[in-house]
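The structure appears below as structure tokens.
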Amino acid sequence: VQLQASGGGLVQAGGSLRVSCAASGRTFSTSVMGWFRQAPGKEREFVAAIRWNAGSTFYADSVKGRFPISRDNAKNTLYLQMNGLKPEDTAVYYCATSTRPYGGSFQAYSNRGLYDYWGQGTLVTVSS
């Protein structure tokens, strides 16, 4: 599976931006896709995840209500719509996919270890 993230850029605080992640290769085995982010000098952290077939979603508390995650199964593309951006949202945003059978606990997918493939990241910078 190959993942290509795009859509990052510079935006003012309070603005919106949508990042995308195009998947190719053996995508039929995808169970969950997620977004993570890594700010300078910090650990990579979970942002949001979506069950690829069911469409159910799960969010980190820091972005809940601001960053809806969605997917287009026909296009094999994952999206993260970022609204109400804050300077602390500045980070490189990574998409990732898990090809393991869904284990029944959505909270578990906040763990990077459950993801098998990662995109290269796209930088989002929020100015104050």
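Residues in the structure tokens are numbered from 1 in each chain, the chains being A, B, ... in the order shown, and ligands are numbered from 1 in the order shown.
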Show me, as a PyMOL selection string, the residues that have an atom within 12 Å of Thr30 in chain A when counting only C-alpha atoms, minus same-chain residues fewer than 6 positions from it.
chain A and resi 1-3+23-24+50-54+73+76-78+96-102+114-117
Take the residues from that selection and put them in a file with N, CA and C atoms, as a PDB file, in the first residue's frame.
ATOM      1  N   VAL A   1       0.846  -1.181   0.000  1.00  0.00           N
ATOM      2  CA  VAL A   1       0.000   0.000   0.000  1.00  0.00           C
ATOM      3  C   VAL A   1       0.892   1.245   0.000  1.00  0.00           C
ATOM      4  N   GLN A   2       0.565   2.179  -0.871  1.00  0.00           N
ATOM      5  CA  GLN A   2       1.292   3.449  -0.908  1.00  0.00           C
ATOM      6  C   GLN A   2       0.311   4.567  -0.558  1.00  0.00           C
ATOM      7  N   LEU A   3       0.784   5.501   0.256  1.00  0.00           N
ATOM      8  CA  LEU A   3      -0.042   6.617   0.690  1.00  0.00           C
ATOM      9  C   LEU A   3       0.627   7.922   0.304  1.00  0.00           C
ATOM     10  N   ALA A  23      -4.598   6.632  -1.509  1.00  0.00           N
ATOM     11  CA  ALA A  23      -4.048   5.295  -1.285  1.00  0.00           C
ATOM     12  C   ALA A  23      -4.034   4.518  -2.584  1.00  0.00           C
ATOM     13  N   SER A  24      -2.981   3.731  -2.773  1.00  0.00           N
ATOM     14  CA  SER A  24      -2.888   2.875  -3.960  1.00  0.00           C
ATOM     15  C   SER A  24      -2.252   1.555  -3.556  1.00  0.00           C
ATOM     16  N   ILE A  50     -10.799   6.486  11.013  1.00  0.00           N
ATOM     17  CA  ILE A  50     -12.085   6.120  10.423  1.00  0.00           C
ATOM     18  C   ILE A  50     -12.038   4.659   9.991  1.00  0.00           C
ATOM     19  N   ARG A  51     -13.095   3.936  10.266  1.00  0.00           N
ATOM     20  CA  ARG A  51     -13.206   2.571   9.757  1.00  0.00           C
ATOM     21  C   ARG A  51     -13.552   2.659   8.277  1.00  0.00           C
ATOM     22  N   TRP A  52     -12.742   1.998   7.457  1.00  0.00           N
ATOM     23  CA  TRP A  52     -12.833   2.233   6.026  1.00  0.00           C
ATOM     24  C   TRP A  52     -14.184   1.816   5.440  1.00  0.00           C
ATOM     25  N   ASN A  53     -14.715   0.696   5.847  1.00  0.00           N
ATOM     26  CA  ASN A  53     -15.993   0.238   5.307  1.00  0.00           C
ATOM     27  C   ASN A  53     -17.183   0.803   6.061  1.00  0.00           C
ATOM     28  N   ALA A  54     -17.142   0.778   7.377  1.00  0.00           N
ATOM     29  CA  ALA A  54     -18.290   1.201   8.177  1.00  0.00           C
ATOM     30  C   ALA A  54     -18.442   2.718   8.225  1.00  0.00           C
ATOM     31  N   ASN A  73     -14.464   5.992  -0.692  1.00  0.00           N
ATOM     32  CA  ASN A  73     -14.030   4.629  -0.999  1.00  0.00           C
ATOM     33  C   ASN A  73     -13.749   4.450  -2.482  1.00  0.00           C
ATOM     34  N   ASN A  76     -10.446   5.846  -3.139  1.00  0.00           N
ATOM     35  CA  ASN A  76      -9.403   5.404  -2.206  1.00  0.00           C
ATOM     36  C   ASN A  76      -8.671   6.597  -1.597  1.00  0.00           C
ATOM     37  N   THR A  77      -9.438   7.568  -1.157  1.00  0.00           N
ATOM     38  CA  THR A  77      -8.857   8.799  -0.637  1.00  0.00           C
ATOM     39  C   THR A  77      -9.432   9.119   0.730  1.00  0.00           C
ATOM     40  N   LEU A  78      -8.532   9.518   1.616  1.00  0.00           N
ATOM     41  CA  LEU A  78      -8.867   9.907   2.982  1.00  0.00           C
ATOM     42  C   LEU A  78      -8.740  11.416   3.087  1.00  0.00           C
ATOM     43  N   ALA A  96      -2.111   7.211   7.714  1.00  0.00           N
ATOM     44  CA  ALA A  96      -1.648   5.850   7.941  1.00  0.00           C
ATOM     45  C   ALA A  96      -2.806   4.891   7.742  1.00  0.00           C
ATOM     46  N   THR A  97      -2.470   3.663   7.417  1.00  0.00           N
ATOM     47  CA  THR A  97      -3.504   2.667   7.208  1.00  0.00           C
ATOM     48  C   THR A  97      -3.174   1.377   7.954  1.00  0.00           C
ATOM     49  N   SER A  98      -4.210   0.762   8.476  1.00  0.00           N
ATOM     50  CA  SER A  98      -4.072  -0.535   9.125  1.00  0.00           C
ATOM     51  C   SER A  98      -4.729  -1.591   8.252  1.00  0.00           C
ATOM     52  N   THR A  99      -3.998  -2.661   7.985  1.00  0.00           N
ATOM     53  CA  THR A  99      -4.547  -3.749   7.178  1.00  0.00           C
ATOM     54  C   THR A  99      -4.914  -4.946   8.045  1.00  0.00           C
ATOM     55  N   ARG A 100      -4.865  -4.774   9.332  1.00  0.00           N
ATOM     56  CA  ARG A 100      -5.207  -5.874  10.244  1.00  0.00           C
ATOM     57  C   ARG A 100      -6.717  -5.893  10.444  1.00  0.00           C
ATOM     58  N   PRO A 101      -7.294  -7.032  10.688  1.00  0.00           N
ATOM     59  CA  PRO A 101      -8.735  -7.078  10.948  1.00  0.00           C
ATOM     60  C   PRO A 101      -9.089  -6.197  12.139  1.00  0.00           C
ATOM     61  N   TYR A 102     -10.193  -5.480  12.009  1.00  0.00           N
ATOM     62  CA  TYR A 102     -10.608  -4.569  13.074  1.00  0.00           C
ATOM     63  C   TYR A 102     -10.790  -5.340  14.366  1.00  0.00           C
ATOM     64  N   LEU A 114      -0.536   0.070  15.537  1.00  0.00           N
ATOM     65  CA  LEU A 114      -1.541  -0.719  14.819  1.00  0.00           C
ATOM     66  C   LEU A 114      -1.572  -0.409  13.331  1.00  0.00           C
ATOM     67  N   TYR A 115      -0.805   0.588  12.905  1.00  0.00           N
ATOM     68  CA  TYR A 115      -0.814   0.999  11.501  1.00  0.00           C
ATOM     69  C   TYR A 115       0.383   0.397  10.773  1.00  0.00           C
ATOM     70  N   ASP A 116       0.116  -0.081   9.557  1.00  0.00           N
ATOM     71  CA  ASP A 116       1.136  -0.791   8.809  1.00  0.00           C
ATOM     72  C   ASP A 116       1.852   0.071   7.774  1.00  0.00           C
ATOM     73  N   TYR A 117       1.161   1.042   7.243  1.00  0.00           N
ATOM     74  CA  TYR A 117       1.720   1.874   6.174  1.00  0.00           C
ATOM     75  C   TYR A 117       1.480   3.337   6.496  1.00  0.00           C
TER      76      TYR A 117
END
List the neighbours of range 36-40 of chain A out to 10 Å using only C-alpha atoms; skip same-chain residues closer than 3 positions along the sequence, and give me the result as a ChimeraX atom specification.
/A:43-49,60,88-96,110-112,118,121-125
Residues within 12 Å of Arg66 in chain A, please, as an mmCIF file with C-alpha atoms, in the first residue's frame. Count only C-alpha atoms; anything in the same chain fewer than 4 positions from it doesn't count.
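The resulting file, selection.cif, is reproduced below:
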data_model
loop_
_atom_site.group_PDB
_atom_site.id
_atom_site.type_symbol
_atom_site.label_atom_id
_atom_site.label_comp_id
_atom_site.auth_asym_id
_atom_site.auth_seq_id
_atom_site.Cartn_x
_atom_site.Cartn_y
_atom_site.Cartn_z
ATOM 1 C CA GLY A 14 -9.270 30.572 12.692
ATOM 2 C CA GLY A 15 -9.006 29.479 9.083
ATOM 3 C CA SER A 16 -9.648 26.136 7.423
ATOM 4 C CA LEU A 17 -7.646 23.685 5.374
ATOM 5 C CA ARG A 18 -8.313 20.218 3.984
ATOM 6 C CA VAL A 47 -5.577 13.019 15.483
ATOM 7 C CA ALA A 48 -8.451 10.979 14.035
ATOM 8 C CA TYR A 59 -11.078 11.651 17.429
ATOM 9 C CA ALA A 60 -8.475 12.981 19.785
ATOM 10 C CA ASP A 61 -10.038 15.356 22.312
ATOM 11 C CA SER A 62 -7.894 18.222 21.010
ATOM 12 C CA LEU A 80 -9.156 15.641 7.111
ATOM 13 C CA GLN A 81 -11.095 18.889 7.078
ATOM 14 C CA MET A 82 -9.429 21.220 9.553
ATOM 15 C CA ASN A 83 -11.597 24.092 10.813
ATOM 16 C CA GLY A 84 -10.961 26.685 13.465
ATOM 17 C CA LEU A 85 -7.235 26.171 13.171
ATOM 18 C CA LYS A 86 -5.007 27.261 16.046
ATOM 19 C CA ASP A 89 -2.229 22.728 15.301
#
Quick one: pick out all strand (DSSP E or B) residues within range 26-56 of chain A from a backbone DSSP run and write them as a list in words.
Val32, Met33, Gly34, Trp35, Phe36, Arg37, Gln38, Glu45, Phe46, Val47, Ala48, Ala49, Ile50 and Arg51 of chain A
Dump as a PDB file, in the first residue's frame, selection limited to N, CA and C atoms:
ATOM      1  N   VAL A  32      -8.799   0.265   8.873  1.00  0.00           N
ATOM      2  CA  VAL A  32      -8.887   1.576   9.511  1.00  0.00           C
ATOM      3  C   VAL A  32      -7.827   2.478   8.893  1.00  0.00           C
ATOM      4  N   MET A  33      -8.186   3.722   8.671  1.00  0.00           N
ATOM      5  CA  MET A  33      -7.200   4.732   8.274  1.00  0.00           C
ATOM      6  C   MET A  33      -7.220   5.847   9.298  1.00  0.00           C
ATOM      7  N   GLY A  34      -6.065   6.449   9.492  1.00  0.00           N
ATOM      8  CA  GLY A  34      -5.975   7.482  10.510  1.00  0.00           C
ATOM      9  C   GLY A  34      -5.065   8.628  10.102  1.00  0.00           C
ATOM     10  N   TRP A  35      -5.199   9.703  10.846  1.00  0.00           N
ATOM     11  CA  TRP A  35      -4.307  10.862  10.723  1.00  0.00           C
ATOM     12  C   TRP A  35      -3.564  11.035  12.043  1.00  0.00           C
ATOM     13  N   PHE A  36      -2.287  11.287  11.928  1.00  0.00           N
ATOM     14  CA  PHE A  36      -1.443  11.628  13.062  1.00  0.00           C
ATOM     15  C   PHE A  36      -0.750  12.945  12.717  1.00  0.00           C
ATOM     16  N   ARG A  37      -0.179  13.584  13.726  1.00  0.00           N
ATOM     17  CA  ARG A  37       0.583  14.797  13.471  1.00  0.00           C
ATOM     18  C   ARG A  37       1.795  14.854  14.395  1.00  0.00           C
ATOM     19  N   GLN A  38       2.799  15.560  13.913  1.00  0.00           N
ATOM     20  CA  GLN A  38       4.021  15.705  14.699  1.00  0.00           C
ATOM     21  C   GLN A  38       4.494  17.143  14.614  1.00  0.00           C
ATOM     22  N   GLU A  45       1.496  12.330  17.376  1.00  0.00           N
ATOM     23  CA  GLU A  45       0.287  12.090  18.149  1.00  0.00           C
ATOM     24  C   GLU A  45      -0.898  11.800  17.248  1.00  0.00           C
ATOM     25  N   PHE A  46      -1.832  11.060  17.806  1.00  0.00           N
ATOM     26  CA  PHE A  46      -3.042  10.683  17.093  1.00  0.00           C
ATOM     27  C   PHE A  46      -3.962  11.886  16.919  1.00  0.00           C
ATOM     28  N   VAL A  47      -4.613  11.958  15.758  1.00  0.00           N
ATOM     29  CA  VAL A  47      -5.577  13.019  15.483  1.00  0.00           C
ATOM     30  C   VAL A  47      -6.988  12.441  15.295  1.00  0.00           C
ATOM     31  N   ALA A  48      -7.131  11.533  14.340  1.00  0.00           N
ATOM     32  CA  ALA A  48      -8.451  10.979  14.035  1.00  0.00           C
ATOM     33  C   ALA A  48      -8.307   9.683  13.270  1.00  0.00           C
ATOM     34  N   ALA A  49      -9.355   8.851  13.312  1.00  0.00           N
ATOM     35  CA  ALA A  49      -9.352   7.591  12.577  1.00  0.00           C
ATOM     36  C   ALA A  49     -10.739   7.288  12.059  1.00  0.00           C
ATOM     37  N   ILE A  50     -10.799   6.486  11.013  1.00  0.00           N
ATOM     38  CA  ILE A  50     -12.085   6.120  10.423  1.00  0.00           C
ATOM     39  C   ILE A  50     -12.038   4.659   9.991  1.00  0.00           C
ATOM     40  N   ARG A  51     -13.095   3.936  10.266  1.00  0.00           N
ATOM     41  CA  ARG A  51     -13.206   2.571   9.757  1.00  0.00           C
ATOM     42  C   ARG A  51     -13.552   2.659   8.277  1.00  0.00           C
TER      43      ARG A  51
END
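CA of Gly104 in chain A is found 13.0 Å from CA of Thr57 in chain A.
Counting from CA of Ile69 in chain A, the distance to CA of Ser6 in chain A is 14.7 Å.
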Taking only C-alpha atoms into account, which of A:Gly113, A:Gln107, A:Ala74, A:Gln120 comes nearest Phe28 in chain A?
A:Ala74
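Going from CA of Gly7 in chain A over to CA of Arg71 in chain A, you cover 14.9 Å.
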May I have the residues within 7 Å of Gln12 in chain A as a PyMOL selection string, using only C-alpha atoms and disregarding those fewer than 5 positions away in the same chain?
chain A and resi 126-128
If DSSP is run on the backbone, what residues of range 38-116 of chain A are helix (DSSP H, G or I)? A reply as a PyMOL selection string would be ideal.
chain A and resi 87-89+106-110+112-114
Prev. selection, all heavy atoms, output as a PDB file, in the first residue's frame:
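That gives us out_35.pdb:
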ATOM      1  N   PRO A  87      -2.707  28.040  16.291  1.00  0.00           N
ATOM      2  CA  PRO A  87      -1.256  27.897  16.118  1.00  0.00           C
ATOM      3  C   PRO A  87      -0.728  26.566  16.630  1.00  0.00           C
ATOM      4  O   PRO A  87       0.219  26.007  16.053  1.00  0.00           O
ATOM      5  CB  PRO A  87      -0.698  29.084  16.900  1.00  0.00           C
ATOM      6  CG  PRO A  87      -1.777  30.114  16.824  1.00  0.00           C
ATOM      7  CD  PRO A  87      -3.064  29.338  16.889  1.00  0.00           C
ATOM      8  N   GLU A  88      -1.336  26.041  17.685  1.00  0.00           N
ATOM      9  CA  GLU A  88      -0.867  24.756  18.232  1.00  0.00           C
ATOM     10  C   GLU A  88      -1.213  23.571  17.343  1.00  0.00           C
ATOM     11  O   GLU A  88      -0.787  22.443  17.624  1.00  0.00           O
ATOM     12  CB  GLU A  88      -1.420  24.529  19.643  1.00  0.00           C
ATOM     13  CG  GLU A  88      -2.915  24.673  19.776  1.00  0.00           C
ATOM     14  CD  GLU A  88      -3.322  26.066  20.265  1.00  0.00           C
ATOM     15  OE1 GLU A  88      -2.735  27.072  19.789  1.00  0.00           O
ATOM     16  OE2 GLU A  88      -4.256  26.128  21.094  1.00  0.00           O
ATOM     17  N   ASP A  89      -1.966  23.783  16.276  1.00  0.00           N
ATOM     18  CA  ASP A  89      -2.229  22.728  15.301  1.00  0.00           C
ATOM     19  C   ASP A  89      -1.099  22.609  14.279  1.00  0.00           C
ATOM     20  O   ASP A  89      -1.111  21.694  13.450  1.00  0.00           O
ATOM     21  CB  ASP A  89      -3.544  22.991  14.557  1.00  0.00           C
ATOM     22  CG  ASP A  89      -4.757  22.914  15.463  1.00  0.00           C
ATOM     23  OD1 ASP A  89      -4.826  22.010  16.307  1.00  0.00           O
ATOM     24  OD2 ASP A  89      -5.657  23.777  15.299  1.00  0.00           O
ATOM     25  N   PHE A 106     -12.107   0.861  19.068  1.00  0.00           N
ATOM     26  CA  PHE A 106     -11.675   1.968  18.234  1.00  0.00           C
ATOM     27  C   PHE A 106     -10.577   2.775  18.918  1.00  0.00           C
ATOM     28  O   PHE A 106      -9.672   3.286  18.266  1.00  0.00           O
ATOM     29  CB  PHE A 106     -12.866   2.863  17.903  1.00  0.00           C
ATOM     30  CG  PHE A 106     -12.864   3.405  16.514  1.00  0.00           C
ATOM     31  CD1 PHE A 106     -14.005   4.002  15.991  1.00  0.00           C
ATOM     32  CD2 PHE A 106     -11.747   3.362  15.716  1.00  0.00           C
ATOM     33  CE1 PHE A 106     -14.020   4.504  14.700  1.00  0.00           C
ATOM     34  CE2 PHE A 106     -11.737   3.866  14.428  1.00  0.00           C
ATOM     35  CZ  PHE A 106     -12.892   4.434  13.919  1.00  0.00           C
ATOM     36  N   GLN A 107     -10.675   2.885  20.255  1.00  0.00           N
ATOM     37  CA  GLN A 107      -9.652   3.644  20.979  1.00  0.00           C
ATOM     38  C   GLN A 107      -8.251   3.086  20.736  1.00  0.00           C
ATOM     39  O   GLN A 107      -7.278   3.835  20.779  1.00  0.00           O
ATOM     40  CB  GLN A 107      -9.937   3.636  22.479  1.00  0.00           C
ATOM     41  CG  GLN A 107     -11.047   4.561  22.900  1.00  0.00           C
ATOM     42  CD  GLN A 107     -12.393   3.863  22.936  1.00  0.00           C
ATOM     43  OE1 GLN A 107     -12.618   2.877  22.241  1.00  0.00           O
ATOM     44  NE2 GLN A 107     -13.280   4.379  23.746  1.00  0.00           N
ATOM     45  N   ALA A 108      -8.155   1.811  20.458  1.00  0.00           N
ATOM     46  CA  ALA A 108      -6.841   1.202  20.229  1.00  0.00           C
ATOM     47  C   ALA A 108      -6.137   1.813  19.031  1.00  0.00           C
ATOM     48  O   ALA A 108      -4.903   1.821  18.964  1.00  0.00           O
ATOM     49  CB  ALA A 108      -6.985  -0.308  20.052  1.00  0.00           C
ATOM     50  N   TYR A 109      -6.910   2.352  18.095  1.00  0.00           N
ATOM     51  CA  TYR A 109      -6.314   2.892  16.875  1.00  0.00           C
ATOM     52  C   TYR A 109      -5.707   4.265  17.059  1.00  0.00           C
ATOM     53  O   TYR A 109      -5.263   4.890  16.093  1.00  0.00           O
ATOM     54  CB  TYR A 109      -7.335   2.856  15.734  1.00  0.00           C
ATOM     55  CG  TYR A 109      -7.544   1.440  15.267  1.00  0.00           C
ATOM     56  CD1 TYR A 109      -8.511   0.636  15.848  1.00  0.00           C
ATOM     57  CD2 TYR A 109      -6.743   0.896  14.266  1.00  0.00           C
ATOM     58  CE1 TYR A 109      -8.680  -0.677  15.440  1.00  0.00           C
ATOM     59  CE2 TYR A 109      -6.909  -0.414  13.851  1.00  0.00           C
ATOM     60  CZ  TYR A 109      -7.876  -1.194  14.446  1.00  0.00           C
ATOM     61  OH  TYR A 109      -8.040  -2.489  14.044  1.00  0.00           O
ATOM     62  N   SER A 110      -5.661   4.740  18.295  1.00  0.00           N
ATOM     63  CA  SER A 110      -4.863   5.924  18.587  1.00  0.00           C
ATOM     64  C   SER A 110      -3.401   5.528  18.775  1.00  0.00           C
ATOM     65  O   SER A 110      -2.532   6.395  18.931  1.00  0.00           O
ATOM     66  CB  SER A 110      -5.386   6.631  19.835  1.00  0.00           C
ATOM     67  OG  SER A 110      -5.280   5.786  20.963  1.00  0.00           O
ATOM     68  N   ARG A 112       0.023   4.191  17.362  1.00  0.00           N
ATOM     69  CA  ARG A 112       0.718   4.134  16.073  1.00  0.00           C
ATOM     70  C   ARG A 112       1.065   2.711  15.665  1.00  0.00           C
ATOM     71  O   ARG A 112       1.161   2.401  14.473  1.00  0.00           O
ATOM     72  CB  ARG A 112       2.018   4.946  16.135  1.00  0.00           C
ATOM     73  CG  ARG A 112       1.827   6.425  16.247  1.00  0.00           C
ATOM     74  CD  ARG A 112       3.160   7.134  16.323  1.00  0.00           C
ATOM     75  NE  ARG A 112       3.822   6.918  17.590  1.00  0.00           N
ATOM     76  CZ  ARG A 112       5.065   7.277  17.850  1.00  0.00           C
ATOM     77  NH1 ARG A 112       5.797   7.842  16.918  1.00  0.00           N
ATOM     78  NH2 ARG A 112       5.596   7.070  19.017  1.00  0.00           N
ATOM     79  N   GLY A 113       1.262   1.849  16.650  1.00  0.00           N
ATOM     80  CA  GLY A 113       1.712   0.485  16.376  1.00  0.00           C
ATOM     81  C   GLY A 113       0.724  -0.363  15.606  1.00  0.00           C
ATOM     82  O   GLY A 113       1.096  -1.409  15.060  1.00  0.00           O
ATOM     83  N   LEU A 114      -0.536   0.070  15.537  1.00  0.00           N
ATOM     84  CA  LEU A 114      -1.541  -0.719  14.819  1.00  0.00           C
ATOM     85  C   LEU A 114      -1.572  -0.409  13.331  1.00  0.00           C
ATOM     86  O   LEU A 114      -2.301  -1.045  12.589  1.00  0.00           O
ATOM     87  CB  LEU A 114      -2.925  -0.485  15.422  1.00  0.00           C
ATOM     88  CG  LEU A 114      -3.164  -1.101  16.808  1.00  0.00           C
ATOM     89  CD1 LEU A 114      -4.622  -0.935  17.206  1.00  0.00           C
ATOM     90  CD2 LEU A 114      -2.795  -2.576  16.822  1.00  0.00           C
TER      91      LEU A 114
END
